[in-house]
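Data block below; observations after.
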Amino acid sequence: MQAFLHQMLSGFATGGIYASIALALVMIYQTTHHVNFAQGEMATFSTYLAWQMIELGLPYWLAFLLTLLFAFILGAAIERIIVRPFYKAPVLSVVAVFIGLLLIINSLSGALFTYTIKPFASPFPSDAWYGSAYLSAHEVGMIFVTLVVLALVFAFFRYTPLGLAMRAVAENPVSSRLVGVRVGWMLALGWGLAGLIGAVAGTMTAPVVYLDPNMMFGVLLYGFAGALLGGIDNAWGAVLGGFIVGILQNLAGAYVVGTELMVTVALGIIVGILVIKPSGLFGRTIVTRV
Amino acid sequence: MSAILETRGLSAAYGPTQVLQSIDLAVEQGGIATLLGANGAGKTTTLRALCNMMVRLSGEVRFDGERIDGKATEDIVRRGIGHVPEGRGTFVSLSVEENLRLGAHTRRDKQVARDFERVYGYFPRLKERRNQQAGTLSGGEQQMLAISRALMLRPKLLLLDEPSFGLAPLVVQEIFHILRTINQQEGVSMLLVEQNANIALALAGRAYLLETGRIIMHGPSAVIGSDESVRRAYLGY
Ligand SMILES: Nc1ncnc2c1ncn2[C@@H]1O[C@H](COP(=O)(O)OP(=O)(O)OP(=O)(O)O)[C@@H](O)[C@H]1O
Ligand SMILES: [Mg+2]
């Protein structure tokens, strides 16, 4: 029983990471109807920056905040400079752009920081009082940080005028223009926020898996599975989906398939959902009179 | 009286398809003009061209004495043009109140709260449904919401694209009555696109007749309304 609880909770901790990535994917999907395959690599690159700043002697949390700022700017810049010219392009061209972006950022990480894996210290000391047999201190800290970030993002969308404008753009860009919303800026802002959320996921993942240019590959896959599971056009659903995938993955890894086949679980979830319920468990249903 | 809106040689195209051919029209300061025409005449396209949305345009558009053609839609709106689009453009997944808040998106002044009460005063039904998802409103209520959303901008000019479309006669009367009140009490100028010529001519001071992208006739509503050929073609008697 104790082992089972441990697996559940630890799945919840990784689920928070998947939930963050799922949310980042959904935010971009809602405005562009494309999945940003480069989301994971953007997060990895930002995490390298955090690592570099910490190496240079900056206190962890200062480096963390600077990294979030950088990730925001990186995301917004990628939208403005690289993605924007392709909004009217055919779907396959856009997919090619995203895959190209993935490869470019991945090689950039490798070229700048080498492909040797690097340890990345957790800001949560392993002997901290909140560590236990059920959850390590880092897992507890990771849960705390991701929950805080998710809550802040939701509060932003729910309670601020800017958040409302972004929801409006996601639903109806034409009407948004007609009320004076600067749609282009909102898209850049969405990418910036997605980049920021990804960077949180990256810096929280690195202490668990070690830092290397491909470290977010699996995370992106699980996050994508979570987003599909919850409904790729529904932020709440995607976050929930991320947590569910995290828990399922951990339980399956411990009791069913073993760790070697865990990625298969993610792929199984993706294919299964696409076949059975393409809109996801919580796929958006807008009540509209016809 | 001077014109708040004036176009000269306004033409518009969707890609290679030319739709509007050199339109000249004007809306007087504080006045109401109506643009009448059959399906596909180019009424909606005219309103889109004024806001520089979805079309490629040439020619001149002056608003409040300044050229606005070539400006971004967002900036045109910010100058005080409230557009109530064809199909109403409701944000269906947002609440009624959020739709209205978006209408005031460009404003930073302290009067916004008062303007909620003002539009709820015109359309009390919206107040009752303020927390409801806007997509669940009836067609008439969504039209009221679209007008209210545009009013939240505190516009100098309202562009209205067939506000009577698909609504029961009583609801149409209610809406047009309120449009008249808004025009008279707040001095908001209006350009009204309609197929329902009777009700449009009753509200507007001037009328323009659009046929396949050209203005074929214009003048005071009374004159246009009593023209024999117009009556036969548009009024059905
Ligand atoms: N997005 C578009 N792309 C290409 N052509 C269009 C587009 N919208 C309208 N048109 C064409 O432009 C012409 C004018 O259309 P418009 O919508 O302005 O007419 P309308 O007078 O508003 O008609 P209705 O009364 O039916 O609303 C039509 O021939 C239409 O087919
Ligand atoms: Mg039309």
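Simple scheme: letters A, B, ... for chains in structure tokens order, numbers from 1 for residues in each chain, numbers from 1 for ligands in the order shown.
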| field | Members of range 44-105 of chain B assigned alpha helix (DSSP H) by DSSP, as a list in words | value |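 Listing alpha helix (DSSP H) positions across range 44-105 of chain B yields Thr44, Thr45, Thr46, Leu47, Arg48, Ala49, Leu50, Thr73, Glu74, Asp75, Ile76, Val77, Arg78, Val96, Glu97, Glu98, Asn99, Leu100, Arg101, Leu102 and Gly103 of chain B.
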| task | Within 12 Å of ligand 1, which residues show up when you count only C-alpha atoms and all ligand atoms? List them as a PyMOL selection string, please. | result | chain B and resi 11-21+35-49+53-56+85-87+160-166+192-197+209-215
| query | Near range 58-74 of chain B, counting only C-alpha atoms, which residues have an atom at most 8 Å away, once you skip same-chain residues fewer than 2 positions from it, shown as a VMD selection string? | reply | (chain A and resid 177 to 182) or (chain B and resid 3 to 12 22 50 to 53 56 76 to 78)
| task | Name all residues at most 9 Å from Trp191 in chain A (count only C-alpha atoms; drop same-chain ones fewer than 6 positions away) and give them as a list in words. | result |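 Answer for this query is Ala24, Met27, Ile28, Phe72, Ile73, Leu74, Gly75, Ala76, Ala77, Ile78 and Glu79 of chain A.
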Using only C-alpha atoms, select each residue of chain B with any atom at most 8 Å away from an atom of chain A, and give the selection as an mmCIF file with all heavy atoms, in the first residue's frame.
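Output below, filename result28.cif:
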data_model
loop_
_atom_site.group_PDB
_atom_site.id
_atom_site.type_symbol
_atom_site.label_atom_id
_atom_site.label_comp_id
_atom_site.auth_asym_id
_atom_site.auth_seq_id
_atom_site.Cartn_x
_atom_site.Cartn_y
_atom_site.Cartn_z
ATOM 1 N N THR B 73 -7.001 47.791 -38.609
ATOM 2 C CA THR B 73 -8.350 47.715 -38.055
ATOM 3 C C THR B 73 -8.397 48.157 -36.586
ATOM 4 O O THR B 73 -9.234 48.958 -36.184
ATOM 5 C CB THR B 73 -8.877 46.266 -38.149
ATOM 6 O OG1 THR B 73 -8.762 45.838 -39.499
ATOM 7 C CG2 THR B 73 -10.315 46.169 -37.692
ATOM 8 N N GLU B 74 -7.442 47.631 -35.804
ATOM 9 C CA GLU B 74 -7.411 47.955 -34.378
ATOM 10 C C GLU B 74 -7.327 49.466 -34.149
ATOM 11 O O GLU B 74 -7.942 50.014 -33.238
ATOM 12 C CB GLU B 74 -6.196 47.319 -33.711
ATOM 13 C CG GLU B 74 -6.213 45.805 -33.641
ATOM 14 C CD GLU B 74 -5.431 45.170 -34.781
ATOM 15 O OE1 GLU B 74 -5.682 45.532 -35.959
ATOM 16 O OE2 GLU B 74 -4.575 44.318 -34.502
ATOM 17 N N ASP B 75 -6.537 50.128 -34.998
ATOM 18 C CA ASP B 75 -6.349 51.570 -34.813
ATOM 19 C C ASP B 75 -7.576 52.351 -35.270
ATOM 20 O O ASP B 75 -7.915 53.379 -34.685
ATOM 21 C CB ASP B 75 -5.113 52.031 -35.585
ATOM 22 C CG ASP B 75 -3.842 51.437 -34.992
ATOM 23 O OD1 ASP B 75 -3.720 51.476 -33.744
ATOM 24 O OD2 ASP B 75 -3.006 50.924 -35.741
ATOM 25 N N VAL B 77 -10.637 51.239 -35.093
ATOM 26 C CA VAL B 77 -11.604 51.058 -34.013
ATOM 27 C C VAL B 77 -11.298 52.014 -32.859
ATOM 28 O O VAL B 77 -12.187 52.657 -32.300
ATOM 29 C CB VAL B 77 -11.579 49.593 -33.517
ATOM 30 C CG1 VAL B 77 -12.379 49.436 -32.239
ATOM 31 C CG2 VAL B 77 -12.090 48.663 -34.605
ATOM 32 N N ARG B 78 -10.028 52.114 -32.528
ATOM 33 C CA ARG B 78 -9.630 52.972 -31.407
ATOM 34 C C ARG B 78 -9.972 54.439 -31.627
ATOM 35 O O ARG B 78 -10.057 55.209 -30.679
ATOM 36 C CB ARG B 78 -8.117 52.833 -31.154
ATOM 37 C CG ARG B 78 -7.787 51.595 -30.339
ATOM 38 C CD ARG B 78 -6.350 51.158 -30.499
ATOM 39 N NE ARG B 78 -6.197 49.785 -30.022
ATOM 40 C CZ ARG B 78 -5.691 49.467 -28.837
ATOM 41 N NH1 ARG B 78 -5.245 50.399 -28.044
ATOM 42 N NH2 ARG B 78 -5.607 48.204 -28.462
ATOM 43 N N GLY B 82 -17.401 51.923 -33.904
ATOM 44 C CA GLY B 82 -17.908 50.661 -33.377
ATOM 45 C C GLY B 82 -18.560 49.883 -34.498
ATOM 46 O O GLY B 82 -19.470 50.378 -35.153
ATOM 47 N N HIS B 83 -18.087 48.657 -34.730
ATOM 48 C CA HIS B 83 -18.581 47.866 -35.854
ATOM 49 C C HIS B 83 -19.420 46.714 -35.303
ATOM 50 O O HIS B 83 -18.917 45.885 -34.555
ATOM 51 C CB HIS B 83 -17.377 47.331 -36.637
ATOM 52 C CG HIS B 83 -17.720 46.712 -37.950
ATOM 53 N ND1 HIS B 83 -16.882 46.746 -39.028
ATOM 54 C CD2 HIS B 83 -18.816 46.040 -38.365
ATOM 55 C CE1 HIS B 83 -17.447 46.122 -40.053
ATOM 56 N NE2 HIS B 83 -18.622 45.673 -39.663
ATOM 57 N N GLY B 89 -20.756 38.402 -34.566
ATOM 58 C CA GLY B 89 -19.407 38.252 -34.015
ATOM 59 C C GLY B 89 -19.347 38.035 -32.519
ATOM 60 O O GLY B 89 -18.392 38.440 -31.862
ATOM 61 N N THR B 90 -20.351 37.361 -31.965
ATOM 62 C CA THR B 90 -20.369 37.097 -30.525
ATOM 63 C C THR B 90 -19.190 36.214 -30.115
ATOM 64 O O THR B 90 -18.829 35.283 -30.834
ATOM 65 C CB THR B 90 -21.669 36.334 -30.166
ATOM 66 O OG1 THR B 90 -22.758 36.988 -30.797
ATOM 67 C CG2 THR B 90 -21.880 36.266 -28.675
ATOM 68 N N PHE B 91 -18.596 36.509 -28.956
ATOM 69 C CA PHE B 91 -17.636 35.570 -28.366
ATOM 70 C C PHE B 91 -18.463 34.535 -27.616
ATOM 71 O O PHE B 91 -18.811 34.727 -26.446
ATOM 72 C CB PHE B 91 -16.681 36.287 -27.409
ATOM 73 C CG PHE B 91 -15.785 37.282 -28.098
ATOM 74 C CD1 PHE B 91 -16.059 38.642 -28.016
ATOM 75 C CD2 PHE B 91 -14.693 36.868 -28.827
ATOM 76 C CE1 PHE B 91 -15.242 39.559 -28.648
ATOM 77 C CE2 PHE B 91 -13.871 37.787 -29.467
ATOM 78 C CZ PHE B 91 -14.146 39.133 -29.381
ATOM 79 N N VAL B 92 -18.791 33.433 -28.306
ATOM 80 C CA VAL B 92 -19.827 32.536 -27.783
ATOM 81 C C VAL B 92 -19.433 31.809 -26.500
ATOM 82 O O VAL B 92 -20.290 31.481 -25.689
ATOM 83 C CB VAL B 92 -20.262 31.500 -28.845
ATOM 84 C CG1 VAL B 92 -21.021 32.159 -29.960
ATOM 85 C CG2 VAL B 92 -19.059 30.749 -29.401
ATOM 86 N N SER B 93 -18.136 31.565 -26.301
ATOM 87 C CA SER B 93 -17.760 30.798 -25.109
ATOM 88 C C SER B 93 -17.576 31.709 -23.896
ATOM 89 O O SER B 93 -17.416 31.231 -22.783
ATOM 90 C CB SER B 93 -16.470 30.015 -25.366
ATOM 91 O OG SER B 93 -15.369 30.894 -25.382
ATOM 92 N N LEU B 94 -17.606 33.019 -24.117
ATOM 93 C CA LEU B 94 -17.436 33.943 -22.994
ATOM 94 C C LEU B 94 -18.799 34.381 -22.476
ATOM 95 O O LEU B 94 -19.808 34.243 -23.162
ATOM 96 C CB LEU B 94 -16.620 35.161 -23.437
ATOM 97 C CG LEU B 94 -15.264 34.857 -24.076
ATOM 98 C CD1 LEU B 94 -14.538 36.154 -24.419
ATOM 99 C CD2 LEU B 94 -14.407 34.007 -23.160
ATOM 100 N N GLU B 98 -18.376 39.404 -20.037
ATOM 101 C CA GLU B 98 -17.023 39.412 -20.625
ATOM 102 C C GLU B 98 -17.043 39.982 -22.041
ATOM 103 O O GLU B 98 -16.141 40.705 -22.447
ATOM 104 C CB GLU B 98 -16.437 37.993 -20.629
ATOM 105 C CG GLU B 98 -15.978 37.549 -19.245
ATOM 106 C CD GLU B 98 -15.555 36.083 -19.198
ATOM 107 O OE1 GLU B 98 -16.105 35.258 -19.962
ATOM 108 O OE2 GLU B 98 -14.693 35.752 -18.372
ATOM 109 N N LEU B 102 -14.923 43.247 -23.152
ATOM 110 C CA LEU B 102 -14.052 43.315 -24.327
ATOM 111 C C LEU B 102 -14.390 44.537 -25.173
ATOM 112 O O LEU B 102 -13.503 45.144 -25.776
ATOM 113 C CB LEU B 102 -14.190 42.048 -25.155
ATOM 114 C CG LEU B 102 -13.391 40.869 -24.611
ATOM 115 C CD1 LEU B 102 -13.850 39.569 -25.236
ATOM 116 C CD2 LEU B 102 -11.903 41.082 -24.860
ATOM 117 N N GLY B 103 -15.658 44.898 -25.206
ATOM 118 C CA GLY B 103 -16.045 46.104 -25.944
ATOM 119 C C GLY B 103 -15.312 47.327 -25.438
ATOM 120 O O GLY B 103 -14.994 48.247 -26.187
ATOM 121 N N ALA B 104 -15.035 47.341 -24.126
ATOM 122 C CA ALA B 104 -14.346 48.477 -23.518
ATOM 123 C C ALA B 104 -12.840 48.236 -23.429
ATOM 124 O O ALA B 104 -12.133 48.957 -22.720
ATOM 125 C CB ALA B 104 -14.910 48.744 -22.121
ATOM 126 N N HIS B 105 -12.361 47.238 -24.161
ATOM 127 C CA HIS B 105 -10.948 46.842 -24.064
ATOM 128 C C HIS B 105 -9.973 48.007 -24.249
ATOM 129 O O HIS B 105 -8.945 48.082 -23.592
ATOM 130 C CB HIS B 105 -10.653 45.768 -25.112
ATOM 131 C CG HIS B 105 -9.208 45.389 -25.210
ATOM 132 N ND1 HIS B 105 -8.605 44.553 -24.308
ATOM 133 C CD2 HIS B 105 -8.228 45.762 -26.074
ATOM 134 C CE1 HIS B 105 -7.330 44.407 -24.624
ATOM 135 N NE2 HIS B 105 -7.072 45.131 -25.688
ATOM 136 N N THR B 106 -10.295 48.929 -25.158
ATOM 137 C CA THR B 106 -9.339 49.994 -25.475
ATOM 138 C C THR B 106 -9.402 51.150 -24.489
ATOM 139 O O THR B 106 -8.600 52.065 -24.564
ATOM 140 C CB THR B 106 -9.625 50.576 -26.870
ATOM 141 O OG1 THR B 106 -10.973 51.050 -26.866
ATOM 142 C CG2 THR B 106 -9.462 49.533 -27.949
ATOM 143 N N GLN B 133 -23.342 32.139 -20.644
ATOM 144 C CA GLN B 133 -22.478 32.005 -21.820
ATOM 145 C C GLN B 133 -23.187 32.668 -23.005
ATOM 146 O O GLN B 133 -24.349 32.377 -23.278
ATOM 147 C CB GLN B 133 -22.260 30.523 -22.098
ATOM 148 C CG GLN B 133 -20.936 30.229 -22.718
ATOM 149 C CD GLN B 133 -20.751 28.738 -22.971
ATOM 150 O OE1 GLN B 133 -21.694 27.956 -22.963
ATOM 151 N NE2 GLN B 133 -19.530 28.357 -23.200
ATOM 152 N N GLY B 135 -23.094 32.372 -26.124
ATOM 153 C CA GLY B 135 -23.581 31.506 -27.185
ATOM 154 C C GLY B 135 -24.978 30.965 -26.921
ATOM 155 O O GLY B 135 -25.650 30.484 -27.832
ATOM 156 N N THR B 136 -25.424 31.018 -25.667
ATOM 157 C CA THR B 136 -26.742 30.489 -25.347
ATOM 158 C C THR B 136 -27.840 31.538 -25.480
ATOM 159 O O THR B 136 -29.004 31.247 -25.270
ATOM 160 C CB THR B 136 -26.786 29.930 -23.903
ATOM 161 O OG1 THR B 136 -26.546 31.010 -22.996
ATOM 162 C CG2 THR B 136 -25.740 28.861 -23.687
ATOM 163 N N LEU B 137 -27.481 32.761 -25.809
ATOM 164 C CA LEU B 137 -28.502 33.811 -25.971
ATOM 165 C C LEU B 137 -29.309 33.566 -27.242
ATOM 166 O O LEU B 137 -28.832 32.952 -28.194
ATOM 167 C CB LEU B 137 -27.835 35.180 -26.080
ATOM 168 C CG LEU B 137 -27.065 35.709 -24.875
ATOM 169 C CD1 LEU B 137 -26.540 37.107 -25.167
ATOM 170 C CD2 LEU B 137 -27.927 35.717 -23.635
ATOM 171 N N SER B 138 -30.519 34.089 -27.280
ATOM 172 C CA SER B 138 -31.332 34.014 -28.492
ATOM 173 C C SER B 138 -30.736 34.952 -29.537
ATOM 174 O O SER B 138 -29.894 35.797 -29.221
ATOM 175 C CB SER B 138 -32.762 34.430 -28.183
ATOM 176 O OG SER B 138 -32.810 35.834 -28.018
ATOM 177 N N ALA B 150 -20.429 47.177 -29.000
ATOM 178 C CA ALA B 150 -19.896 48.311 -29.760
ATOM 179 C C ALA B 150 -20.073 49.616 -28.989
ATOM 180 O O ALA B 150 -19.209 50.492 -29.033
ATOM 181 C CB ALA B 150 -20.583 48.398 -31.116
ATOM 182 N N LEU B 153 -17.440 50.877 -26.435
ATOM 183 C CA LEU B 153 -16.272 51.596 -26.950
ATOM 184 C C LEU B 153 -16.466 53.108 -26.816
ATOM 185 O O LEU B 153 -15.524 53.872 -26.947
ATOM 186 C CB LEU B 153 -16.089 51.207 -28.424
ATOM 187 C CG LEU B 153 -14.992 51.837 -29.255
ATOM 188 C CD1 LEU B 153 -13.641 51.295 -28.850
ATOM 189 C CD2 LEU B 153 -15.235 51.574 -30.738
#
| field | Close residues, Leu274 in chain A itself excluded, 12 Å, only C-alpha atoms, min 3 positions apart in chain, as a list in words | value |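 Result of the neighbour search: Phe224, Ala225, Ala227, Leu228, Leu229, Gly230, Gly231, Ile232, Leu267, Gly268, Ile269, Ile270, Val271, Lys277, Pro278, Ser279, Gly280 and Leu281 of chain A.
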What does the file look like for those residues with N, CA and C atoms, as a PDB file, in the first residue's frame?
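Final file, selection-v8.pdb:
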ATOM      1  N   PHE A 224       2.143  16.030 -24.551  1.00  0.00           N
ATOM      2  CA  PHE A 224       1.258  15.999 -25.707  1.00  0.00           C
ATOM      3  C   PHE A 224       0.151  14.974 -25.493  1.00  0.00           C
ATOM      4  N   ALA A 225       0.547  13.797 -24.952  1.00  0.00           N
ATOM      5  CA  ALA A 225      -0.457  12.775 -24.642  1.00  0.00           C
ATOM      6  C   ALA A 225      -1.478  13.337 -23.651  1.00  0.00           C
ATOM      7  N   ALA A 227      -2.265  16.490 -23.162  1.00  0.00           N
ATOM      8  CA  ALA A 227      -3.088  17.505 -23.812  1.00  0.00           C
ATOM      9  C   ALA A 227      -4.171  16.843 -24.653  1.00  0.00           C
ATOM     10  N   LEU A 228      -3.804  15.793 -25.374  1.00  0.00           N
ATOM     11  CA  LEU A 228      -4.794  15.094 -26.195  1.00  0.00           C
ATOM     12  C   LEU A 228      -5.841  14.418 -25.325  1.00  0.00           C
ATOM     13  N   LEU A 229      -5.358  13.816 -24.232  1.00  0.00           N
ATOM     14  CA  LEU A 229      -6.265  13.110 -23.326  1.00  0.00           C
ATOM     15  C   LEU A 229      -7.310  14.070 -22.773  1.00  0.00           C
ATOM     16  N   GLY A 230      -6.863  15.245 -22.337  1.00  0.00           N
ATOM     17  CA  GLY A 230      -7.796  16.195 -21.739  1.00  0.00           C
ATOM     18  C   GLY A 230      -8.591  16.962 -22.785  1.00  0.00           C
ATOM     19  N   GLY A 231      -8.047  17.092 -23.966  1.00  0.00           N
ATOM     20  CA  GLY A 231      -8.706  17.915 -24.997  1.00  0.00           C
ATOM     21  C   GLY A 231      -7.779  19.050 -25.362  1.00  0.00           C
ATOM     22  N   ILE A 232      -7.262  19.007 -26.592  1.00  0.00           N
ATOM     23  CA  ILE A 232      -6.194  19.930 -26.969  1.00  0.00           C
ATOM     24  C   ILE A 232      -6.694  21.368 -27.068  1.00  0.00           C
ATOM     25  N   LEU A 267       2.636   6.680 -26.162  1.00  0.00           N
ATOM     26  CA  LEU A 267       2.201   6.548 -27.551  1.00  0.00           C
ATOM     27  C   LEU A 267       0.857   5.825 -27.621  1.00  0.00           C
ATOM     28  N   GLY A 268       0.708   4.818 -26.750  1.00  0.00           N
ATOM     29  CA  GLY A 268      -0.567   4.091 -26.702  1.00  0.00           C
ATOM     30  C   GLY A 268      -1.713   5.026 -26.364  1.00  0.00           C
ATOM     31  N   ILE A 269      -1.468   5.895 -25.383  1.00  0.00           N
ATOM     32  CA  ILE A 269      -2.517   6.850 -25.001  1.00  0.00           C
ATOM     33  C   ILE A 269      -2.851   7.755 -26.181  1.00  0.00           C
ATOM     34  N   ILE A 270      -1.809   8.272 -26.851  1.00  0.00           N
ATOM     35  CA  ILE A 270      -2.047   9.191 -27.973  1.00  0.00           C
ATOM     36  C   ILE A 270      -2.870   8.521 -29.057  1.00  0.00           C
ATOM     37  N   VAL A 271      -2.428   7.336 -29.470  1.00  0.00           N
ATOM     38  CA  VAL A 271      -3.140   6.649 -30.557  1.00  0.00           C
ATOM     39  C   VAL A 271      -4.559   6.290 -30.115  1.00  0.00           C
ATOM     40  N   LYS A 277     -11.673   8.966 -29.030  1.00  0.00           N
ATOM     41  CA  LYS A 277     -12.348  10.223 -28.725  1.00  0.00           C
ATOM     42  C   LYS A 277     -11.417  11.382 -29.064  1.00  0.00           C
ATOM     43  N   PRO A 278     -11.374  11.758 -30.350  1.00  0.00           N
ATOM     44  CA  PRO A 278     -10.395  12.751 -30.808  1.00  0.00           C
ATOM     45  C   PRO A 278     -10.494  14.091 -30.068  1.00  0.00           C
ATOM     46  N   SER A 279     -11.672  14.406 -29.506  1.00  0.00           N
ATOM     47  CA  SER A 279     -11.776  15.701 -28.823  1.00  0.00           C
ATOM     48  C   SER A 279     -11.252  15.620 -27.396  1.00  0.00           C
ATOM     49  N   GLY A 280     -10.853  14.422 -26.938  1.00  0.00           N
ATOM     50  CA  GLY A 280     -10.328  14.291 -25.586  1.00  0.00           C
ATOM     51  C   GLY A 280     -11.429  14.132 -24.556  1.00  0.00           C
ATOM     52  N   LEU A 281     -11.026  13.792 -23.323  1.00  0.00           N
ATOM     53  CA  LEU A 281     -12.013  13.553 -22.268  1.00  0.00           C
ATOM     54  C   LEU A 281     -12.847  14.795 -21.977  1.00  0.00           C
TER      55      LEU A 281
END
